[in-house]
Amino acid sequence: MSTMAFIVSKPNGSWEVRESRRTSDGPRSRSLASFRELTPGVIERVQERASTSVDPEDLRRRALRAGAPVAESEADRAAAALLREAYLNRRPRPALERLLADTFANGDGQRVSHEAERMKLWAGASGEQRAEALVELLELGDALPKGQRAAKSRFPRIGPAAKKQKLGP
């Protein structure tokens, strides 16, 4: 049985994501979700009800092709807000600006250092998220086994530096 998701318009102005199946009695379809605007919540509902996996980006493309309204992605909303702020000459902190510039300059798949990538992840994190991560890190440190120290160090002791000699009279 092959299946396929598709979008249809309804007479009342709403839209529907349907799934088509081929059966021995001929093709059959069933509704996966109805919507007025395709949102992430609708896509989740479709994914839960579909008999096969549904690619969210493919579903968005199908909805746009059918003429259905599709909600902006969070990235699009954030980019539009950032563009508005930049137009009003309200720029982000210099560190965030460098990270953004680096991200879009390296859009061809080249990756920057691991540290820069991790900073991008935490740049928009809330104080609660940062605190939770810190607590988890400290708990991890507490869980590490304590190292056994030898009674005598294997390295020679480093003594004080030799006194400097005065030059001249």
# chains A, B, ... in the order shown; residues from 1 in each chain; ligands from 1
$ select_by_dssp --residues "chain A" --states "strand (DSSP E or B)" --output "PyMOL selection string"
chain A and resi 3-9+15-23+26-35+38+70
$ residues_around --residues "range 5-13 of chain A" --least-positions-apart "2" --cutoff "10 Å" --atoms "only C-alpha atoms" --output "ChimeraX atom specification"
/A:3,15-21,29-36,46,50-55,58-60,62-68
$ write_last_selection --atoms "N, CA and C atoms" --output "short mmCIF file (atom, residue, chain, number, x, y, z; two decimals), in the first residue's frame"
data_model
loop_
_atom_site.label_atom_id
_atom_site.label_comp_id
_atom_site.auth_asym_id
_atom_site.auth_seq_id
_atom_site.Cartn_x
_atom_site.Cartn_y
_atom_site.Cartn_z
N THR A 3 1.33 5.35 0.14
CA THR A 3 0.60 6.47 0.70
C THR A 3 1.23 7.78 0.26
N TRP A 15 -8.49 24.46 4.99
CA TRP A 15 -7.67 23.54 4.20
C TRP A 15 -7.56 22.23 4.94
N GLU A 16 -7.18 21.20 4.23
CA GLU A 16 -7.07 19.88 4.84
C GLU A 16 -5.85 19.17 4.29
N VAL A 17 -5.14 18.51 5.19
CA VAL A 17 -4.06 17.61 4.78
C VAL A 17 -4.67 16.22 4.77
N ARG A 18 -4.58 15.58 3.63
CA ARG A 18 -5.17 14.25 3.49
C ARG A 18 -4.07 13.26 3.12
N GLU A 19 -4.35 11.99 3.40
CA GLU A 19 -3.43 10.91 3.07
C GLU A 19 -4.15 9.96 2.12
N SER A 20 -3.50 9.66 1.02
CA SER A 20 -4.09 8.77 0.02
C SER A 20 -3.43 7.41 0.12
N ARG A 21 -4.24 6.36 0.04
CA ARG A 21 -3.73 4.98 0.08
C ARG A 21 -4.33 4.21 -1.07
N SER A 29 -8.77 7.90 0.70
CA SER A 29 -8.05 8.95 1.40
C SER A 29 -8.72 9.21 2.73
N ARG A 30 -7.94 9.76 3.64
CA ARG A 30 -8.48 10.12 4.96
C ARG A 30 -7.83 11.43 5.39
N SER A 31 -8.55 12.16 6.20
CA SER A 31 -8.08 13.45 6.67
C SER A 31 -7.08 13.27 7.80
N LEU A 32 -5.97 13.99 7.72
CA LEU A 32 -4.98 13.98 8.79
C LEU A 32 -5.12 15.21 9.69
N ALA A 33 -5.46 16.35 9.08
CA ALA A 33 -5.65 17.58 9.86
C ALA A 33 -6.33 18.63 9.01
N SER A 34 -7.15 19.45 9.64
CA SER A 34 -7.75 20.61 8.99
C SER A 34 -7.11 21.85 9.58
N PHE A 35 -7.01 22.92 8.77
CA PHE A 35 -6.36 24.13 9.24
C PHE A 35 -6.78 25.33 8.42
N ARG A 36 -6.59 26.51 8.96
CA ARG A 36 -6.75 27.76 8.22
C ARG A 36 -5.38 28.33 7.87
N VAL A 46 -0.28 16.18 11.84
CA VAL A 46 -0.18 15.38 10.61
C VAL A 46 0.82 14.25 10.82
N ALA A 50 -0.26 10.34 10.42
CA ALA A 50 0.10 9.75 9.13
C ALA A 50 0.60 8.32 9.32
N SER A 51 0.34 7.48 8.32
CA SER A 51 0.78 6.09 8.41
C SER A 51 2.25 5.94 8.02
N THR A 52 2.82 6.94 7.35
CA THR A 52 4.25 6.94 7.01
C THR A 52 4.83 8.28 7.47
N SER A 53 6.14 8.40 7.43
CA SER A 53 6.76 9.65 7.87
C SER A 53 6.44 10.77 6.87
N VAL A 54 6.26 11.96 7.41
CA VAL A 54 5.94 13.14 6.60
C VAL A 54 7.04 14.17 6.83
N ASP A 55 7.65 14.64 5.75
CA ASP A 55 8.70 15.65 5.84
C ASP A 55 8.04 17.02 5.99
N ASP A 58 8.58 19.39 3.03
CA ASP A 58 7.81 18.97 1.86
C ASP A 58 6.34 19.36 2.03
N LEU A 59 5.83 19.20 3.25
CA LEU A 59 4.44 19.56 3.51
C LEU A 59 4.23 21.07 3.34
N ARG A 60 5.18 21.88 3.81
CA ARG A 60 5.09 23.33 3.62
C ARG A 60 5.09 23.69 2.13
N ARG A 62 4.16 21.81 -0.38
CA ARG A 62 2.88 21.39 -0.97
C ARG A 62 1.77 22.37 -0.63
N ALA A 63 1.77 22.86 0.62
CA ALA A 63 0.74 23.82 1.03
C ALA A 63 0.89 25.13 0.25
N LEU A 64 2.11 25.61 0.09
CA LEU A 64 2.33 26.83 -0.68
C LEU A 64 1.92 26.65 -2.14
N ARG A 65 2.24 25.49 -2.71
CA ARG A 65 1.87 25.21 -4.10
C ARG A 65 0.35 25.18 -4.26
N ALA A 66 -0.34 24.69 -3.24
CA ALA A 66 -1.81 24.63 -3.29
C ALA A 66 -2.45 25.99 -3.02
N GLY A 67 -1.65 26.94 -2.50
CA GLY A 67 -2.20 28.26 -2.20
C GLY A 67 -2.65 28.43 -0.77
N ALA A 68 -2.35 27.46 0.10
CA ALA A 68 -2.76 27.54 1.50
C ALA A 68 -1.83 28.49 2.26
#
$ atom_distance --atom1 "CA of Ser73 in chain A" --atom2 "CA of Asp102 in chain A"
21.6 Å
$ closest_residue --among "A:Ser14, A:Gln148, A:Gln47, A:Thr39" --to "Ala71 in chain A" --atoms "only C-alpha atoms"
A:Thr39
$ select_by_dssp --residues "range 28-90 of chain A" --states "alpha helix (DSSP H)" --output "MDAnalysis selection string"
chainID A and resid 40:49 56:66 74:87
$ atom_distance --atom1 "CA of Pro40 in chain A" --atom2 "CA of Leu100 in chain A"
25.0 Å
$ atom_distance --atom1 "CA of Leu99 in chain A" --atom2 "CA of Leu137 in chain A"
24.4 Å
